[in-house]
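Visitor: Below you will find the structure I want to go over with you.
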Amino acid sequence: MNVIVIGSGFAGLSTAATLANDGYNVTLLEKNNDIGGRARQFKHKGFLFDMGPSWYWMPDVFEKFFNKFNKSVSDYYDLIKLNPGFQMIFDEFETIQISSSFNEIKELFEKIEPGSSRSLELFMKEAEFKYKFSMEKLIYNPGLSFFEFFNKGIFKNILNLDLLKSYKKHVHKSFKNPKLRALLEFPVLFLGTAPEETPALYSLMAYSGFVQGTYYPDGGFVQVIKGIERLCLDLGVTI
């Protein structure tokens, strides 16, 4: 069977690879001169710029994708773990850098708000549970029906998942310093929403950023796109 996939962003490329691996004859169409969608690269006078994503979090998600095809991330691109992972700029250009070491992050929190290192440890322990539970039970659901989320695992853990509490309340319950609150709240902005409108389940984002760390593909985010493109071509996709 012949299949046409329109658009060569992450969704289009991964869909094309998956369908080709399932035996379909796949053609991928792209309106721009370069593939990548929001993750394209802009070149100007010898400089290269990421046009979209610049944070590589949840590395296990990318690894799991390539593992589906008996491949690994390292077969297609190299990752650099950043240290510091990122920094936040506050009023009067005060900056706080987040180390790649969680122990150093705890020391930073303790210095800013005495007692908060223990709070951060507990916060991330809960976030780790949410992250692992979500990866196993939620993230890979097809999203075709709300009833996908009606299962014993979710009902059994509904309190631990904090589905009924806002992320802002969850953060403010454990931390008093406004800078620490801002550091922990900002990851959910990647979801396109505000902390007060986001379920506390999404502390899993903070777990990825603070515990797993921030990575960057050597050569820019376009290397991830090129990697999936190579995978597609190896599987027989026409681009």
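Quick note on naming: the chains in the structure tokens go A, B, ... in the order shown, residues restart at 1 in each chain, and ligands are numbered from 1 in order of appearance.
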Please tabulate, as a tab-separated table, the residues of range 124-235 of chain A that come within 12 Å of range 86-95 of chain A, each with its closest pair of atoms and the distance in Å to one decimal, counting only C-alpha atoms and ordering rows by chain, then residue number upward.
Guide:
residue	atom	partner	partner_atom	distance
A:Pro178	CA	A:Phe90	CA	10.5
A:Lys179	CA	A:Phe90	CA	8.0
A:Leu180	CA	A:Met88	CA	10.5
A:Arg181	CA	A:Met88	CA	11.9
A:Ala182	CA	A:Met88	CA	8.9
A:Leu183	CA	A:Met88	CA	7.3
A:Leu184	CA	A:Met88	CA	10.9
A:Glu185	CA	A:Met88	CA	11.7
A:Phe186	CA	A:Met88	CA	9.5
A:Pro187	CA	A:Phe86	CA	11.4
A:Gly209	CA	A:Phe86	CA	9.1
A:Phe210	CA	A:Phe86	CA	9.8
A:Gly213	CA	A:Phe86	CA	9.5
A:Thr214	CA	A:Phe86	CA	7.5
A:Tyr215	CA	A:Phe86	CA	10.0
A:Tyr216	CA	A:Phe86	CA	11.2
Visitor: Please extract the residues of range 51-200 of chain A with a backbone DSSP assignment of alpha helix (DSSP H) and present them as number ranges by chain.
Guide: A: 59-67, 102-112, 116-137, 152-156, 158-161, 167-174, 178-185
Visitor: What does the file look like for those residues with C-alpha atoms, as an mmCIF file, in the first residue's frame?
Guide:
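Resulting contents of selection38.cif:
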data_model
loop_
_atom_site.group_PDB
_atom_site.id
_atom_site.type_symbol
_atom_site.label_atom_id
_atom_site.label_comp_id
_atom_site.auth_asym_id
_atom_site.auth_seq_id
_atom_site.Cartn_x
_atom_site.Cartn_y
_atom_site.Cartn_z
ATOM 1 C CA PRO A 59 16.562 11.721 26.173
ATOM 2 C CA ASP A 60 15.002 8.329 26.838
ATOM 3 C CA VAL A 61 12.084 9.243 24.550
ATOM 4 C CA PHE A 62 14.431 9.740 21.595
ATOM 5 C CA GLU A 63 16.324 6.568 22.479
ATOM 6 C CA LYS A 64 13.111 4.559 22.637
ATOM 7 C CA PHE A 65 12.118 5.843 19.200
ATOM 8 C CA PHE A 66 15.325 4.646 17.556
ATOM 9 C CA ASN A 67 15.217 1.387 19.518
ATOM 10 C CA PHE A 102 21.735 17.341 40.951
ATOM 11 C CA ASN A 103 23.826 17.460 44.134
ATOM 12 C CA GLU A 104 25.106 20.890 43.122
ATOM 13 C CA ILE A 105 21.548 21.998 42.389
ATOM 14 C CA LYS A 106 20.539 20.948 45.904
ATOM 15 C CA GLU A 107 23.436 22.964 47.324
ATOM 16 C CA LEU A 108 22.284 25.977 45.305
ATOM 17 C CA PHE A 109 18.726 25.682 46.608
ATOM 18 C CA GLU A 110 19.939 25.296 50.185
ATOM 19 C CA LYS A 111 22.035 28.452 49.866
ATOM 20 C CA ILE A 112 19.072 30.467 48.596
ATOM 21 C CA SER A 116 14.912 23.672 50.556
ATOM 22 C CA SER A 117 17.433 21.023 49.485
ATOM 23 C CA ARG A 118 15.401 18.401 51.327
ATOM 24 C CA SER A 119 12.207 19.789 49.802
ATOM 25 C CA LEU A 120 13.777 19.582 46.350
ATOM 26 C CA GLU A 121 14.805 15.984 46.943
ATOM 27 C CA LEU A 122 11.243 15.016 47.895
ATOM 28 C CA PHE A 123 9.807 17.095 45.031
ATOM 29 C CA MET A 124 11.989 15.302 42.482
ATOM 30 C CA LYS A 125 11.294 11.889 43.978
ATOM 31 C CA GLU A 126 7.586 12.483 43.388
ATOM 32 C CA ALA A 127 8.335 13.903 39.936
ATOM 33 C CA GLU A 128 10.387 10.820 39.059
ATOM 34 C CA PHE A 129 7.413 8.596 39.869
ATOM 35 C CA LYS A 130 5.173 10.741 37.648
ATOM 36 C CA TYR A 131 7.738 10.674 34.851
ATOM 37 C CA LYS A 132 8.180 6.902 34.862
ATOM 38 C CA PHE A 133 4.459 6.226 35.294
ATOM 39 C CA SER A 134 3.596 8.600 32.443
ATOM 40 C CA MET A 135 6.169 7.069 30.121
ATOM 41 C CA GLU A 136 4.790 3.615 30.802
ATOM 42 C CA LYS A 137 1.046 4.309 31.003
ATOM 43 C CA LYS A 152 -6.835 0.824 37.179
ATOM 44 C CA GLY A 153 -3.283 2.150 37.174
ATOM 45 C CA ILE A 154 -4.393 5.767 36.879
ATOM 46 C CA PHE A 155 -7.225 5.489 39.403
ATOM 47 C CA LYS A 156 -4.950 3.696 41.839
ATOM 48 C CA ILE A 158 -4.530 9.483 41.031
ATOM 49 C CA LEU A 159 -3.345 11.145 44.252
ATOM 50 C CA ASN A 160 0.326 10.410 43.559
ATOM 51 C CA LEU A 161 -0.039 11.817 40.040
ATOM 52 C CA TYR A 167 1.470 22.886 39.256
ATOM 53 C CA LYS A 168 1.776 26.362 40.754
ATOM 54 C CA LYS A 169 0.192 25.240 44.044
ATOM 55 C CA HIS A 170 2.380 22.154 44.024
ATOM 56 C CA VAL A 171 5.562 24.243 43.742
ATOM 57 C CA HIS A 172 4.457 26.925 46.207
ATOM 58 C CA LYS A 173 3.617 24.300 48.812
ATOM 59 C CA SER A 174 7.272 23.227 49.004
ATOM 60 C CA PRO A 178 10.260 33.487 44.506
ATOM 61 C CA LYS A 179 13.399 32.707 42.502
ATOM 62 C CA LEU A 180 13.264 29.015 43.358
ATOM 63 C CA ARG A 181 9.580 28.979 42.515
ATOM 64 C CA ALA A 182 10.338 30.565 39.146
ATOM 65 C CA LEU A 183 13.083 28.032 38.428
ATOM 66 C CA LEU A 184 10.740 25.123 39.064
ATOM 67 C CA GLU A 185 7.713 26.637 37.331
#
Visitor: I need the residues in range 80-168 of chain A that are strand (DSSP E) according to DSSP; give them as a ChimeraX atom specification.
Guide: /A:80-81,86-89,95-98
Visitor: Pick out the residues sitting within 8 Å of Pro53 in chain A, and hand them over as a PyMOL selection string; count only C-alpha atoms, and ignore anything fewer than 5 positions along from it in its own chain.
Guide: chain A and resi 38-39+221
Visitor: Excluding Asn33 in chain A and its own-chain neighbours fewer than 4 positions away, which residues fall within 12 Å of it when counting only C-alpha atoms? Please give them as a list in words.
Guide: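 Contacts, with the query itself left out: Gly7, Ser8, Leu29, Gly37, Arg40, Gln41, Phe42 and Ile239 of chain A.
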Visitor: Please provide the set of residues having any atom within 9 Å of Met1 in chain A, restricted to only C-alpha atoms, with same-chain residues fewer than 6 positions apart removed, written as a ChimeraX atom specification.
Guide: /A:23-26
Visitor: I need the chosen residues saved as an mmCIF file, in the first residue's frame, with N, CA and C atoms.
Guide:
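The file below, part24.cif, is the result:
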data_model
loop_
_atom_site.group_PDB
_atom_site.id
_atom_site.type_symbol
_atom_site.label_atom_id
_atom_site.label_comp_id
_atom_site.auth_asym_id
_atom_site.auth_seq_id
_atom_site.Cartn_x
_atom_site.Cartn_y
_atom_site.Cartn_z
ATOM 1 N N GLY A 23 5.926 -1.825 6.586
ATOM 2 C CA GLY A 23 5.761 -2.411 5.264
ATOM 3 C C GLY A 23 5.086 -1.546 4.222
ATOM 4 N N TYR A 24 4.753 -0.303 4.561
ATOM 5 C CA TYR A 24 4.114 0.587 3.595
ATOM 6 C C TYR A 24 5.157 1.243 2.689
ATOM 7 N N ASN A 25 4.727 1.582 1.465
ATOM 8 C CA ASN A 25 5.560 2.370 0.556
ATOM 9 C C ASN A 25 5.271 3.839 0.832
ATOM 10 N N VAL A 26 6.213 4.528 1.436
ATOM 11 C CA VAL A 26 5.949 5.869 1.968
ATOM 12 C C VAL A 26 6.668 6.938 1.155
#
Visitor: Of the residues A:Ser208, A:Leu233, A:Ile225, A:Asn32, which is the one nearest to Trp57 in chain A, using only C-alpha atoms?
Guide: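 Looking only at the distances to Trp57 in chain A, the closest residue turns out to be A:Ser208.
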Visitor: So, with only C-alpha atoms as the atoms that count, which of A:Tyr77, A:Phe69, A:Phe175, A:Phe149 lies closest to Ala20 in chain A?
Guide: A:Phe69
Visitor: So that I can check the surroundings of Asp78 in chain A, please list as a PyMOL selection string every protein, DNA and RNA residue that reaches within 7 Å of it, counting only C-alpha atoms and ignoring chain neighbours fewer than 3 positions away.
Guide: chain A and resi 74+217-218
Visitor: Could you give me, as a ChimeraX atom specification, the residues within 7 Å of Ser100 in chain A, counting only C-alpha atoms and dropping anything in the same chain fewer than 3 positions from it?
Guide: /A:82-85,213
Visitor: Write out, as a short mmCIF file (atom, residue, chain, number, x, y, z; two decimals), in the first residue's frame, the residues just selected, with C-alpha atoms.
Guide:
data_model
loop_
_atom_site.label_atom_id
_atom_site.label_comp_id
_atom_site.auth_asym_id
_atom_site.auth_seq_id
_atom_site.Cartn_x
_atom_site.Cartn_y
_atom_site.Cartn_z
CA LEU A 82 25.48 20.87 29.02
CA ASN A 83 26.99 22.23 32.22
CA PRO A 84 25.41 24.46 33.27
CA GLY A 85 22.28 23.05 31.74
CA GLY A 213 19.87 17.13 32.59
#
Visitor: Can you work out which one of A:Ile98, A:Leu163, A:Ala194, A:Ile80 has the shortest atom-to-atom distance to Gly219 in chain A, counting only C-alpha atoms?
Guide: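 So, comparing all the options, the nearest one is A:Ile80.
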Visitor: Under the rule that only C-alpha atoms are counted, which of A:Ser99, A:Ser14, A:Asn157, A:Ser166 is the nearest residue to Tyr202 in chain A?
Guide: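 Closest to Tyr202 in chain A, using only C-alpha atoms: A:Ser166.
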Visitor: Using only C-alpha atoms, can you tell me which of A:Lys68, A:Lys176, A:Lys31, A:Lys45 comes closest to Pro114 in chain A?
Guide: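 Nearest to Pro114 in chain A: A:Lys176.
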Visitor: Interatomic distance between CA of Ser72 in chain A and CA of Gly192 in chain A?
Guide: 29.7 Å
Visitor: Would you mind telling me which residue in A:Ile96, A:Val5, A:Val222, A:Val237 lies nearest to Asp34 in chain A when using only C-alpha atoms?
Guide: A:Val222
Visitor: Report, in Å to a single decimal, how far apart CA of Cys232 in chain A and CA of His44 in chain A are.
Guide: 28.1 Å
